[in-house]
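A.B. asks: Below is final35.tsv; it holds TSV, C-alpha atoms and all ligand atoms.
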```
chain	number	residue	atom	x	y	z
A	1	ASP	CA	18.64	0.37	9.53
A	2	PRO	CA	15.38	-0.73	7.82
A	3	LEU	CA	15.61	2.13	5.36
A	4	ALA	CA	18.89	0.76	4.03
A	5	PHE	CA	18.14	-2.95	4.47
A	6	SER	CA	14.98	-2.97	2.35
A	7	GLY	CA	15.00	-2.79	-1.44
A	8	VAL	CA	11.80	-0.78	-1.12
A	9	TRP	CA	12.59	1.65	1.70
A	10	ARG	CA	16.02	2.62	0.53
A	11	PHE	CA	13.97	4.66	-1.94
A	12	HIS	CA	11.93	6.21	0.88
A	13	GLU	CA	12.32	9.72	-0.57
A	14	LEU	CA	10.10	8.55	-3.43
A	15	LEU	CA	7.42	7.08	-1.13
A	16	PRO	CA	7.30	9.75	1.52
A	17	PHE	CA	4.22	8.80	3.51
A	18	ALA	CA	5.85	6.98	6.40
A	19	ALA	CA	8.16	8.17	9.16
A	20	PRO	CA	11.03	5.66	9.61
A	21	GLU	CA	9.82	4.47	13.02
A	22	TYR	CA	6.62	3.09	11.47
A	23	VAL	CA	8.27	1.17	8.67
A	24	VAL	CA	7.68	-2.59	8.77
A	25	THR	CA	10.07	-4.57	6.63
A	26	ILE	CA	10.89	-8.25	6.16
A	27	GLY	CA	13.86	-7.54	3.90
A	28	GLU	CA	11.75	-7.30	0.75
A	29	GLY	CA	12.97	-6.05	-2.60
A	30	GLN	CA	16.49	-7.49	-2.47
A	31	THR	CA	16.01	-8.85	-5.93
A	32	LEU	CA	18.14	-8.98	-9.03
A	33	MET	CA	17.95	-8.39	-12.72
A	34	ARG	CA	19.76	-10.81	-14.93
A	35	ASN	CA	20.58	-10.74	-18.58
A	36	SER	CA	19.43	-13.89	-20.32
A	37	ALA	CA	21.01	-15.11	-23.55
A	38	ARG	CA	18.63	-18.03	-23.61
A	39	ALA	CA	15.50	-15.89	-23.30
A	40	SER	CA	16.89	-13.34	-25.82
A	41	LYS	CA	17.19	-16.14	-28.33
A	42	TYR	CA	13.74	-17.49	-27.52
A	43	VAL	CA	12.11	-14.08	-27.88
A	44	GLY	CA	14.14	-13.37	-31.01
A	45	ILE	CA	16.05	-10.25	-30.04
A	46	ASP	CA	19.78	-9.51	-30.12
A	47	GLU	CA	21.78	-11.42	-27.54
A	48	GLY	CA	22.14	-9.48	-24.36
A	49	ASN	CA	19.06	-7.35	-24.92
A	50	LEU	CA	16.65	-9.33	-22.79
A	51	TYR	CA	16.69	-8.82	-19.03
A	52	LEU	CA	14.75	-10.75	-16.43
A	53	GLN	CA	13.79	-8.85	-13.27
A	54	TYR	CA	13.52	-11.70	-10.78
A	55	GLU	CA	10.97	-10.81	-8.09
A	56	GLY	CA	10.71	-14.44	-6.99
A	57	MET	CA	13.67	-13.66	-4.73
A	58	ASN	CA	11.46	-11.80	-2.28
A	59	PRO	CA	11.02	-13.28	1.24
A	60	SER	CA	7.56	-14.66	0.45
A	61	GLY	CA	8.60	-15.61	-3.09
A	62	SER	CA	6.76	-12.99	-5.14
A	63	PHE	CA	6.78	-9.29	-6.03
A	64	LYS	CA	3.89	-8.75	-3.62
A	65	ASP	CA	6.27	-8.07	-0.72
A	66	ASN	CA	7.25	-4.78	-2.40
A	67	GLY	CA	3.70	-3.53	-2.07
A	68	MET	CA	2.85	-5.29	1.17
A	69	THR	CA	5.61	-3.57	3.14
A	70	ALA	CA	4.08	-0.22	2.14
A	71	ALA	CA	0.46	-1.21	2.86
A	72	PHE	CA	1.45	-2.92	6.10
A	73	THR	CA	3.41	0.15	7.16
A	74	HIS	CA	0.37	2.31	6.51
A	75	ALA	CA	-1.83	-0.13	8.43
A	76	ASN	CA	0.69	0.18	11.27
A	77	ILE	CA	0.47	3.97	11.15
A	78	VAL	CA	-3.34	3.91	11.44
A	79	GLY	CA	-3.23	1.27	14.19
A	80	ALA	CA	-5.02	-1.55	12.37
A	81	ARG	CA	-5.39	-4.84	14.25
A	82	ARG	CA	-6.69	-6.97	11.41
A	83	ALA	CA	-5.74	-6.96	7.73
A	84	ALA	CA	-7.55	-8.79	4.93
A	85	CYS	CA	-7.19	-9.60	1.26
A	86	ALA	CA	-8.68	-11.69	-1.49
A	87	SER	CA	-6.00	-13.55	-3.35
A	88	THR	CA	-4.95	-15.95	-6.05
A	89	GLY	CA	-2.28	-16.90	-3.51
A	90	ASN	CA	0.66	-14.54	-3.55
A	91	THR	CA	-0.90	-11.50	-1.91
A	92	SER	CA	-2.19	-13.77	0.84
A	93	ALA	CA	1.21	-15.43	1.29
A	94	SER	CA	2.85	-12.03	1.59
A	95	LEU	CA	0.27	-10.73	4.07
A	96	ALA	CA	0.60	-13.92	6.13
A	97	VAL	CA	4.38	-13.51	6.35
A	98	PHE	CA	4.15	-9.84	7.37
A	99	CYS	CA	1.51	-10.57	10.02
A	100	SER	CA	3.41	-13.50	11.50
A	101	ALA	CA	6.72	-11.64	11.45
A	102	HIS	CA	5.42	-8.44	12.99
A	103	GLY	CA	2.86	-9.89	15.38
A	104	SER	CA	0.68	-6.79	15.63
A	105	MET	CA	-2.01	-7.78	13.14
A	106	LYS	CA	-4.16	-10.79	12.34
A	107	ALA	CA	-4.26	-11.87	8.67
A	108	ILE	CA	-7.62	-12.79	7.16
A	109	ILE	CA	-7.54	-14.10	3.62
A	110	PHE	CA	-10.25	-15.00	1.11
A	111	VAL	CA	-9.40	-17.48	-1.61
A	112	GLY	CA	-11.39	-19.08	-4.42
A	113	SER	CA	-12.10	-22.73	-3.76
A	114	GLY	CA	-9.53	-25.04	-5.35
A	115	LYS	CA	-7.94	-22.07	-7.13
A	116	ILE	CA	-4.74	-21.65	-5.15
A	117	ALA	CA	-1.46	-23.38	-5.97
A	118	TYR	CA	-0.31	-25.40	-2.96
A	119	GLY	CA	2.97	-23.56	-2.48
A	120	LYS	CA	0.95	-20.42	-1.77
A	121	LEU	CA	-1.74	-22.05	0.35
A	122	ALA	CA	1.01	-23.73	2.39
A	123	GLN	CA	2.47	-20.32	3.20
A	124	ALA	CA	-0.87	-18.88	4.37
A	125	LEU	CA	-1.45	-21.89	6.63
A	126	ASP	CA	2.07	-22.16	8.02
A	127	HIS	CA	2.15	-18.47	8.87
A	128	GLY	CA	-1.14	-18.76	10.70
A	129	ALA	CA	-3.49	-16.68	8.54
A	130	LEU	CA	-7.22	-17.17	8.98
A	131	THR	CA	-7.92	-18.69	5.59
A	132	VAL	CA	-11.48	-18.52	4.22
A	133	GLN	CA	-12.37	-20.50	1.14
A	134	ILE	CA	-15.11	-18.87	-0.95
A	135	ALA	CA	-17.39	-20.93	-3.19
A	136	GLY	CA	-16.27	-19.28	-6.39
A	137	ASP	CA	-13.17	-17.74	-7.92
A	138	PHE	CA	-10.92	-14.76	-7.27
A	139	ASP	CA	-13.49	-12.28	-8.53
A	140	ASP	CA	-16.05	-13.61	-6.05
A	141	ALA	CA	-13.47	-13.55	-3.26
A	142	MET	CA	-12.61	-9.94	-4.13
A	143	THR	CA	-16.27	-8.88	-3.92
A	144	ALA	CA	-16.68	-10.70	-0.61
A	145	VAL	CA	-13.58	-9.27	1.05
A	146	GLN	CA	-14.43	-5.70	0.04
A	147	GLU	CA	-17.88	-6.09	1.54
A	148	VAL	CA	-16.67	-7.76	4.73
A	149	SER	CA	-13.78	-5.39	5.38
A	150	ARG	CA	-15.99	-2.35	4.80
A	151	ARG	CA	-18.60	-3.67	7.18
A	152	LEU	CA	-16.26	-4.81	9.94
A	153	GLY	CA	-13.60	-2.11	9.61
A	154	ILE	CA	-10.80	-4.45	8.58
A	155	TYR	CA	-7.76	-3.00	6.83
A	156	LEU	CA	-7.78	-4.12	3.16
A	157	VAL	CA	-4.41	-4.81	1.54
A	158	ASN	CA	-5.44	-5.68	-2.01
A	159	SER	CA	-4.07	-3.34	-4.65
A	160	VAL	CA	-7.20	-1.16	-4.46
A	161	ASN	CA	-5.07	0.10	-1.58
A	162	GLY	CA	-2.95	2.87	-3.09
A	163	PHE	CA	-0.07	2.28	-0.66
A	164	ARG	CA	0.51	-1.14	-2.23
A	165	LEU	CA	1.22	0.56	-5.55
A	166	GLU	CA	3.66	2.98	-3.92
A	167	GLY	CA	5.82	0.06	-2.80
A	168	GLN	CA	5.61	-1.68	-6.14
A	169	LYS	CA	7.01	1.39	-7.90
A	170	THR	CA	10.40	0.43	-6.50
A	171	ILE	CA	10.60	-2.61	-8.78
A	172	MET	CA	11.14	-0.14	-11.61
A	173	TYR	CA	13.65	1.89	-9.60
A	174	ARG	CA	15.72	-1.25	-9.21
A	175	VAL	CA	15.40	-2.08	-12.91
A	176	LEU	CA	16.73	1.40	-13.72
A	177	GLU	CA	19.53	0.98	-11.19
A	178	GLY	CA	20.51	-2.24	-12.91
A	179	LEU	CA	20.71	-0.38	-16.22
A	180	ASN	CA	22.66	2.56	-14.77
A	181	TRP	CA	19.49	4.66	-15.09
A	182	GLU	CA	19.32	4.18	-18.82
A	183	VAL	CA	15.65	3.74	-19.68
A	184	PRO	CA	14.97	0.42	-21.46
A	185	ASP	CA	12.79	0.33	-24.58
A	186	TRP	CA	10.24	-2.07	-23.09
A	187	ILE	CA	8.91	-3.22	-19.75
A	188	VAL	CA	6.86	-6.40	-20.12
A	189	VAL	CA	4.69	-7.56	-17.24
A	190	PRO	CA	1.89	-10.08	-16.70
A	191	GLY	CA	-1.50	-8.48	-16.04
A	192	GLY	CA	-3.88	-9.83	-13.38
A	193	ASN	CA	-5.42	-7.32	-11.02
A	194	LEU	CA	-3.22	-4.74	-12.80
A	195	GLY	CA	-1.47	-3.39	-9.71
A	196	ASN	CA	2.02	-3.74	-11.13
A	197	SER	CA	1.30	-2.13	-14.47
A	198	SER	CA	-0.46	0.77	-12.70
A	199	ALA	CA	2.42	1.19	-10.26
A	200	PHE	CA	5.05	1.04	-13.00
A	201	GLY	CA	3.26	3.72	-15.03
A	202	LYS	CA	3.07	5.96	-11.97
A	203	ALA	CA	6.75	5.36	-11.21
A	204	PHE	CA	7.84	6.47	-14.68
A	205	ILE	CA	5.50	9.47	-14.78
A	206	GLU	CA	6.95	10.69	-11.48
A	207	LEU	CA	10.57	10.02	-12.41
A	208	LYS	CA	10.11	11.98	-15.63
A	209	GLU	CA	8.53	14.88	-13.75
A	210	LEU	CA	11.44	14.84	-11.31
A	211	GLY	CA	13.91	14.92	-14.20
A	212	LEU	CA	15.48	11.61	-13.14
A	213	ILE	CA	14.76	10.01	-16.52
A	214	ASP	CA	14.66	11.69	-19.91
A	215	ARG	CA	12.19	9.44	-21.71
A	216	MET	CA	9.49	6.89	-21.01
A	217	PRO	CA	9.86	3.17	-21.70
A	218	ARG	CA	7.02	1.41	-23.50
A	219	LEU	CA	4.85	-0.79	-21.32
A	220	ALA	CA	3.49	-4.15	-22.47
A	221	VAL	CA	0.88	-5.84	-20.29
A	222	ILE	CA	0.26	-9.51	-21.01
A	223	ASN	CA	-3.01	-11.20	-20.13
A	224	ALA	CA	-3.61	-14.92	-20.13
A	225	ALA	CA	-5.95	-15.65	-23.05
A	226	GLY	CA	-8.51	-17.12	-20.62
A	227	ALA	CA	-8.46	-14.01	-18.41
A	228	ASN	CA	-8.16	-11.23	-20.96
A	229	THR	CA	-10.47	-8.44	-19.86
A	230	LEU	CA	-7.77	-5.78	-20.26
A	231	TYR	CA	-6.86	-7.07	-23.70
A	232	GLN	CA	-10.49	-6.97	-24.88
A	233	LEU	CA	-11.14	-3.61	-23.34
A	234	TYR	CA	-8.00	-2.10	-24.77
A	235	GLU	CA	-8.88	-3.20	-28.29
A	236	GLU	CA	-12.47	-1.99	-27.87
A	237	ARG	CA	-11.34	1.34	-26.51
A	238	GLN	CA	-9.21	1.97	-29.61
A	239	LEU	CA	-12.17	1.15	-31.83
A	240	ARG	CA	-14.42	3.53	-29.91
A	241	TRP	CA	-11.86	6.27	-29.58
A	242	HIS	CA	-13.98	8.71	-31.55
A	243	ASP	CA	-17.28	7.87	-29.85
A	244	GLY	CA	-16.58	9.92	-26.77
A	245	TYR	CA	-16.69	6.95	-24.40
A	246	GLY	CA	-15.05	7.55	-21.05
A	247	ASP	CA	-12.88	4.79	-19.56
A	248	ASP	CA	-15.08	4.42	-16.50
A	249	GLU	CA	-18.18	3.96	-18.67
A	250	LEU	CA	-16.40	1.39	-20.78
A	251	VAL	CA	-15.16	-0.51	-17.73
A	252	ASP	CA	-18.66	-0.52	-16.19
A	253	GLN	CA	-20.12	-1.76	-19.44
A	254	PHE	CA	-17.55	-4.57	-19.63
A	255	PHE	CA	-18.20	-5.67	-16.07
A	256	ASP	CA	-21.99	-5.56	-16.54
A	257	ASP	CA	-21.68	-7.61	-19.69
A	258	MET	CA	-19.54	-10.20	-17.90
A	259	THR	CA	-22.09	-10.45	-15.10
A	260	GLU	CA	-24.85	-10.99	-17.64
A	261	ARG	CA	-22.95	-13.78	-19.38
A	262	ASN	CA	-21.74	-15.17	-16.05
A	263	ALA	CA	-18.26	-15.05	-17.62
A	264	ARG	CA	-15.45	-16.71	-15.65
A	265	ALA	CA	-11.72	-16.36	-15.98
A	266	SER	CA	-9.99	-19.59	-16.85
A	267	THR	CA	-6.24	-20.21	-17.12
A	268	ILE	CA	-3.64	-22.57	-15.73
A	269	ALA	CA	-1.68	-19.45	-14.71
A	270	SER	CA	-3.84	-19.25	-11.58
A	271	ALA	CA	-2.13	-16.10	-10.26
A	272	ILE	CA	-3.66	-14.06	-13.08
A	273	GLU	CA	-6.99	-15.89	-13.39
A	274	ILE	CA	-8.96	-12.66	-12.91
A	275	ASN	CA	-11.86	-11.23	-14.89
A	276	ARG	CA	-12.49	-7.97	-13.07
A	277	PRO	CA	-9.18	-6.29	-12.38
A	278	VAL	CA	-9.65	-3.62	-9.72
A	279	ASN	CA	-6.98	-1.37	-11.22
A	280	LEU	CA	-8.34	-1.26	-14.78
A	281	PRO	CA	-8.76	2.54	-15.01
A	282	LYS	CA	-5.33	3.16	-13.46
A	283	CYS	CA	-3.75	0.67	-15.82
A	284	LEU	CA	-5.29	2.44	-18.83
A	285	ARG	CA	-3.65	5.66	-17.65
A	286	ALA	CA	-0.31	3.87	-17.29
A	287	LEU	CA	-0.65	2.49	-20.81
A	288	ASP	CA	-1.40	5.97	-22.15
A	289	ALA	CA	1.62	7.45	-20.39
A	290	CYS	CA	3.96	4.71	-21.62
A	291	SER	CA	2.70	4.18	-25.22
A	292	GLY	CA	1.51	0.85	-23.96
A	293	VAL	CA	0.33	-2.28	-25.68
A	294	VAL	CA	-1.69	-5.23	-24.42
A	295	ARG	CA	-1.46	-8.78	-25.67
A	296	GLU	CA	-2.86	-12.14	-24.63
A	297	ALA	CA	-0.87	-15.37	-24.39
A	298	THR	CA	-2.33	-18.87	-24.43
A	299	ASP	CA	-1.60	-21.30	-21.60
A	300	GLN	CA	0.63	-23.23	-23.99
A	301	GLN	CA	2.65	-20.10	-24.82
A	302	ILE	CA	2.88	-19.19	-21.14
A	303	LEU	CA	4.13	-22.63	-20.05
A	304	ASP	CA	6.58	-22.93	-22.95
A	305	ALA	CA	8.06	-19.54	-22.05
A	306	LYS	CA	8.22	-20.51	-18.38
A	307	ALA	CA	10.18	-23.66	-19.25
A	308	MET	CA	12.58	-21.55	-21.31
A	309	VAL	CA	13.15	-19.23	-18.37
A	310	GLY	CA	13.87	-22.29	-16.24
A	311	ALA	CA	16.29	-23.71	-18.78
A	312	GLY	CA	18.11	-20.38	-18.66
A	313	GLY	CA	18.70	-20.56	-14.91
A	314	LEU	CA	15.84	-18.71	-13.24
A	315	GLY	CA	12.75	-20.48	-11.96
A	316	CYS	CA	9.39	-18.76	-12.15
A	317	GLU	CA	5.75	-19.67	-11.70
A	318	PRO	CA	3.34	-19.95	-14.66
A	319	ALA	CA	1.94	-16.39	-14.53
A	320	SER	CA	5.45	-14.96	-14.73
A	321	GLY	CA	6.05	-16.84	-17.96
A	322	ALA	CA	3.42	-14.59	-19.54
A	323	SER	CA	5.89	-11.71	-19.71
A	324	VAL	CA	8.42	-13.67	-21.77
A	325	ALA	CA	5.63	-15.21	-23.86
A	326	GLY	CA	4.29	-11.71	-24.49
A	327	ALA	CA	7.70	-10.36	-25.48
A	328	LYS	CA	7.95	-13.16	-28.03
A	329	ILE	CA	4.49	-12.37	-29.43
A	330	LEU	CA	5.40	-8.68	-29.78
A	331	ARG	CA	8.69	-9.56	-31.43
A	332	ASP	CA	6.94	-11.94	-33.86
A	333	GLN	CA	4.52	-9.13	-34.73
A	334	GLY	CA	7.43	-6.77	-35.40
A	335	ILE	CA	6.41	-4.43	-32.59
A	336	ILE	CA	9.50	-5.17	-30.51
A	337	ALA	CA	12.62	-4.75	-32.68
A	338	PRO	CA	15.65	-7.07	-32.41
A	339	SER	CA	17.76	-4.16	-31.21
A	340	ASP	CA	15.32	-3.14	-28.47
A	341	ARG	CA	16.30	-3.49	-24.84
A	342	VAL	CA	13.53	-5.45	-23.13
A	343	VAL	CA	12.93	-6.08	-19.42
A	344	CYS	CA	10.54	-8.91	-18.54
A	345	VAL	CA	9.35	-9.03	-14.94
A	346	LEU	CA	9.34	-12.49	-13.35
A	347	THR	CA	6.71	-11.97	-10.70
A	348	GLY	CA	6.79	-15.18	-8.68
A	349	HIS	CA	9.06	-18.10	-7.72
A	350	GLN	CA	9.08	-21.48	-9.41
A	351	LEU	CA	8.27	-23.34	-6.18
A	352	LYS	CA	4.93	-21.56	-5.81
A	353	ASP	CA	3.26	-24.01	-8.17
A	354	PRO	CA	5.26	-27.22	-8.65
A	355	THR	CA	2.14	-29.20	-9.60
A	356	VAL	CA	1.76	-27.49	-12.96
A	357	THR	CA	5.48	-27.64	-13.70
A	358	VAL	CA	5.69	-31.37	-13.05
A	359	ALA	CA	2.57	-32.08	-15.10
A	360	TYR	CA	3.95	-30.00	-17.99
A	361	HIS	CA	7.30	-31.77	-18.09
A	362	SER	CA	5.84	-35.23	-17.54
A	363	GLY	CA	4.43	-35.24	-21.06
A	364	ASP	CA	1.51	-37.17	-19.55
A	365	ARG	CA	-1.73	-35.79	-20.97
A	366	ASP	CA	-3.87	-37.46	-18.31
A	367	LEU	CA	-1.81	-36.01	-15.50
A	368	PHE	CA	-2.04	-32.57	-17.04
A	369	ASN	CA	-5.79	-32.85	-17.50
A	370	GLU	CA	-6.12	-33.89	-13.87
A	371	VAL	CA	-4.50	-30.62	-12.82
A	372	LEU	CA	-6.84	-28.68	-15.11
A	373	VAL	CA	-9.82	-30.39	-13.51
A	374	GLN	CA	-8.51	-29.79	-9.97
A	375	ARG	CA	-8.10	-26.09	-10.68
A	376	GLY	CA	-11.44	-25.80	-12.41
A	377	VAL	CA	-9.81	-24.66	-15.65
A	378	LYS	CA	-12.58	-25.48	-18.08
A	379	ARG	CA	-11.20	-24.56	-21.44
A	380	ALA	CA	-8.27	-26.91	-21.68
A	381	GLN	CA	-5.76	-25.04	-23.80
A	382	HIS	CA	-3.33	-27.42	-22.23
A	383	ALA	CA	0.29	-27.93	-22.74
A	384	ASN	CA	1.67	-31.31	-23.48
A	385	ARG	CA	4.86	-31.74	-25.29
A	401	LIG	N1	2.19	-12.65	-11.29
A	401	LIG	C1	1.97	-13.23	-10.11
A	401	LIG	C2	2.89	-14.31	-9.69
A	401	LIG	C3	0.89	-12.82	-9.30
A	401	LIG	O1	0.69	-13.41	-8.14
A	401	LIG	C4	0.03	-11.81	-9.75
A	401	LIG	C5	-1.12	-11.38	-8.98
A	401	LIG	C6	0.32	-11.24	-11.00
A	401	LIG	C7	1.39	-11.66	-11.73
A	401	LIG	C8	-0.53	-10.13	-11.53
A	401	LIG	O2	-0.14	-8.93	-10.99
A	401	LIG	O3	-2.31	-8.12	-10.13
A	401	LIG	O4	-0.37	-6.61	-10.35
A	401	LIG	O5	-1.53	-7.44	-12.38
A	401	LIG	N2	-1.55	-11.96	-7.95
A	401	LIG	C9	-2.61	-11.45	-7.08
A	401	LIG	C10	-2.69	-12.28	-5.83
A	401	LIG	C11	-3.90	-11.22	-7.74
A	401	LIG	O6	-3.76	-12.38	-5.21
A	401	LIG	O7	-1.68	-12.82	-5.40
A	401	LIG	P1	-1.14	-7.70	-10.96
```
Rewrite the structure from the file as C-alpha cells, please.

C.D. replies:
Amino acid sequence: DPLAFSGVWRFHELLPFAAPEYVVTIGEGQTLMRNSARASKYVGIDEGNLYLQYEGMNPSGSFKDNGMTAAFTHANIVGARRAACASTGNTSASLAVFCSAHGSMKAIIFVGSGKIAYGKLAQALDHGALTVQIAGDFDDAMTAVQEVSRRLGIYLVNSVNGFRLEGQKTIMYRVLEGLNWEVPDWIVVPGGNLGNSSAFGKAFIELKELGLIDRMPRLAVINAAGANTLYQLYEERQLRWHDGYGDDELVDQFFDDMTERNARASTIASAIEINRPVNLPKCLRALDACSGVVREATDQQILDAKAMVGAGGLGCEPASGASVAGAKILRDQGIIAPSDRVVCVLTGHQLKDPTVTVAYHSGDRDLFNEVLVQRGVKRAQHANR
C-alpha cells in the first residue's frame, strides 16, 4: 500500500489533491530524527536539546524526494510525458530517479556549467536524464528552464510548482511525530530556492488552524554568506517597515539591482548557491507566521559544522551544515537559549559531494583552492584547518 509505505503519503489527508491510484512513490520520506549530544555541545545548548532531522536517508539522498513524489504524482494526474527542472543537483537527481523508476516520463534537467557536485551529476546520468549544461549558474538555468518549459509545454518540477511544497510539508509532520507532537522551539533550515522554508511555514499554519498543534515554532533560515539574498532582503525589509513597501516591490527591486550589478552567488555549498530564490515572497510569509529569523553563515562555518555533524555519526553534504552553523550563530547571539529545543534539518547525504569533504579534511590549501576554482567559487572564504 503506497499510502502506508511512503513517509509522505501516509499523511495523505493533509495533501488531499491525489486519488491513491495516481500516487507515484519510490519509498521517500522514511527518514529519522536523531538527538545529537555532539551537535548540542557544538551549538552550545543543553545536552539532548539538539535534534537532527536526517533527510539524506531518502532514496535519492536528499529531502527533494518528499516534494518530487507530490509533483510527479500531479504530473501523472495531468498526463505529462516530459518533466523538467533547473537544479544545483539534488532536484535533478530526484527527478531522474522518479522518471527512471516509473517509466512514464522523460526527465530533462538544466544545470549550471561546472556547478554540480559529482555525486549528483552521477545520479542524473545513471538514471538516464537528458542533462543540459547551461553556460552560467543556477539562476541562469532557472530562467532558461522556465522559458523552455513554458514554450514547449513541459511539466516543470522546480519548487515554483506548488505541489512540491505540499510534499515537503511532511518533513515537519515527521519531526512532530518524533517529538510526540510537542512543538519544538526552533526549526533551523538552510535556505536556497526557499522551498523548504515556505513549505514548513505552510505546514505549521495549517496544523495550527486544524488544532493539531497549540503554538508555532520559530523558523530560522540560514543562507550561505555568498548567496545571501534572503538575508539582505530580510534586513532591508525591517529597516523599511514603515515606508509602506510591499514585499513584491522589494523583491523586484532586489532582483533588478542584482541584474544591474551582474551579481553572482558564490559558495562552496553548491546546493544553495542561488541569488534569485523563486520562493522569496512565500518564504517571507512563512517567516512572519513563525516569528522567523534569517542569518548567513560563511563557508568556513558551514564546513566546520558539517564536520561536527559527521563526527557525531550522521553524514551530510555542505549545504546541510548551514543549519547547524546557523543554530550556533543564533546561540552565540543569545537568540537561541540553552534550554531551547532545536531541530536542524540535514537536507542532503554526505556522499553527494565527497570532493569538498576530502579537500576540507586533507588540510591541503592547494587542493582546496583547486576545488574552489573547479566550481567557479570566486570569493575564496575557504576552509583549511
Ligand atoms: N540543501 C540541499 C542539500 C539542497 O539541495 C537544497 C536545494 C537546499 C538545501 C535548499 O533548499 O531550495 O528549499 O531552500 N537544492 C535545489 C536543487 C536548489 O536544485 O537541488 P531550498

A.B. asks: Given a cut-off of 8 Å, what residues near ligand LIG 401 (chain A) show up using only C-alpha atoms and all ligand atoms, put as number ranges by chain?

C.D. replies: A: 62-64, 85-93, 138, 158-159, 189-198, 271-274, 277, 317-320, 346-349

A.B. asks: Just to confirm, what's the straight-line distance from atom CA of A:Glu55 to atom CA of A:Gly7 in Å (one decimal)?

C.D. replies: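 For atom CA of A:Glu55 relative to atom CA of A:Gly7, the distance reads 11.2 Å.
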
A.B. asks: Taking only C-alpha atoms into account, which of A:Leu303, A:Leu210, A:Met68, A:Leu32 comes nearest A:Asn161?

C.D. replies: A:Met68

A.B. asks: Go through A:Thr73, A:Ser60, A:Asn35, A:Gln253 and flag the residue nearest A:Tyr22, using all atoms listed in the file for the distances.

C.D. replies: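 Looking only at the distances to A:Tyr22, the closest residue turns out to be A:Thr73.
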
A.B. asks: So what do you get for atom CA of A:Gln53 versus atom CA of A:Pro217, distance-wise?

C.D. replies: 15.2 Å

A.B. asks: Could you list as a list of chain:residue names every residue that has an atom within 9 Å of (10.0, 2.5, -25.7), using the file's coordinates and counting all atoms listed in the file?

C.D. replies: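 Those within range, by chain then number, are A:Val183, A:Pro184, A:Asp185, A:Trp186, A:Ile187, A:Arg215, A:Met216, A:Pro217, A:Arg218, A:Leu219, A:Cys290, A:Ser291, A:Gly292, A:Asp340, A:Arg341.
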
A.B. asks: Have a look at A:Gly153, A:Leu121, A:Leu351, A:Met308 and name the one nearest to A:Ala37; count only C-alpha atoms.

C.D. replies: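 The answer is A:Met308, which sits nearest to A:Ala37.
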
A.B. asks: Can you tell me which residues surround A:Thr31 at a distance of at most 9 Å, considering only C-alpha atoms, apart from same-chain residues fewer than 2 positions away, and format the answer as a list of chain:residue names?

C.D. replies: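 The residues satisfying every condition are A:Gly7, A:Glu28, A:Gly29, A:Met33, A:Gln53, A:Tyr54, A:Glu55, A:Gly56, A:Met57, A:Asn58, A:Ile171, A:Arg174.
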
A.B. asks: Write the selection just made, keeping C-alpha atoms, as a PDB file, in the coordinates of the input?

C.D. replies:
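Done, and the output landed in result33.pdb:
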```pdb
ATOM      1  CA  GLY A   7      15.000  -2.790  -1.440  1.00  0.00           C
ATOM      2  CA  GLU A  28      11.750  -7.300   0.750  1.00  0.00           C
ATOM      3  CA  GLY A  29      12.970  -6.050  -2.600  1.00  0.00           C
ATOM      4  CA  MET A  33      17.950  -8.390 -12.720  1.00  0.00           C
ATOM      5  CA  GLN A  53      13.790  -8.850 -13.270  1.00  0.00           C
ATOM      6  CA  TYR A  54      13.520 -11.700 -10.780  1.00  0.00           C
ATOM      7  CA  GLU A  55      10.970 -10.810  -8.090  1.00  0.00           C
ATOM      8  CA  GLY A  56      10.710 -14.440  -6.990  1.00  0.00           C
ATOM      9  CA  MET A  57      13.670 -13.660  -4.730  1.00  0.00           C
ATOM     10  CA  ASN A  58      11.460 -11.800  -2.280  1.00  0.00           C
ATOM     11  CA  ILE A 171      10.600  -2.610  -8.780  1.00  0.00           C
ATOM     12  CA  ARG A 174      15.720  -1.250  -9.210  1.00  0.00           C
TER      13      ARG A 174
END
```

A.B. asks: Rounded to one decimal place, report the atom CA of A:Asn369-atom CA of A:Thr143 distance in Å.

C.D. replies: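 Taking atom CA of A:Asn369 as the start and atom CA of A:Thr143 as the end point, the length is 29.5 Å.
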
A.B. asks: Tell me, as a PDB file with C-alpha atoms, in the coordinates of the input, which residues lie within 8 Å of A:Gly119, counting all atoms listed in the file; anything in the same chain fewer than 6 positions away does not count.

C.D. replies:
```pdb
ATOM      1  CA  LEU A 351       8.270 -23.340  -6.180  1.00  0.00           C
ATOM      2  CA  LYS A 352       4.930 -21.560  -5.810  1.00  0.00           C
ATOM      3  CA  ASP A 353       3.260 -24.010  -8.170  1.00  0.00           C
ATOM      4  CA  PRO A 354       5.260 -27.220  -8.650  1.00  0.00           C
TER       5      PRO A 354
END
```

A.B. asks: Rank A:Thr357, A:Asn49, A:Thr229, A:Asn66 by their smallest atom-to-atom distance to A:Val343, using only C-alpha atoms, and report the top residue only.

C.D. replies: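 Of the candidates, the smallest distance to A:Val343 is held by A:Asn49.
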
A.B. asks: I'd like to know which of A:His102, A:Ala265, A:Ser40, A:Arg81 is closest to A:Val23, using all atoms listed in the file.

C.D. replies: A:His102

A.B. asks: Which residue gives the smallest distance to A:Gly114 among A:Asn275, A:Ser270, A:Gly167, A:Glu13, with all atoms listed in the file counted?

C.D. replies: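 Answer, going by the shortest atom-to-atom distance: A:Ser270.
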
A.B. asks: Which residues, written as a ChimeraX atom specification, have at least one atom at most 8 Å from A:Ile268, with all atoms listed in the file counted and residues fewer than 3 positions away on the same chain left out?

C.D. replies: /A:273,299,318,356,372,375,377

A.B. asks: Would you mind exporting the chosen residues as a short mmCIF file (atom, residue, chain, number, x, y, z; two decimals), in the frame of the given file, restricted to C-alpha atoms?

C.D. replies:
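The resulting file, result-v4.cif, is shown below:
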```cif
data_model
loop_
_atom_site.label_atom_id
_atom_site.label_comp_id
_atom_site.auth_asym_id
_atom_site.auth_seq_id
_atom_site.Cartn_x
_atom_site.Cartn_y
_atom_site.Cartn_z
CA GLU A 273 -6.99 -15.89 -13.39
CA ASP A 299 -1.60 -21.30 -21.60
CA PRO A 318 3.34 -19.95 -14.66
CA VAL A 356 1.76 -27.49 -12.96
CA LEU A 372 -6.84 -28.68 -15.11
CA ARG A 375 -8.10 -26.09 -10.68
CA VAL A 377 -9.81 -24.66 -15.65
#
```
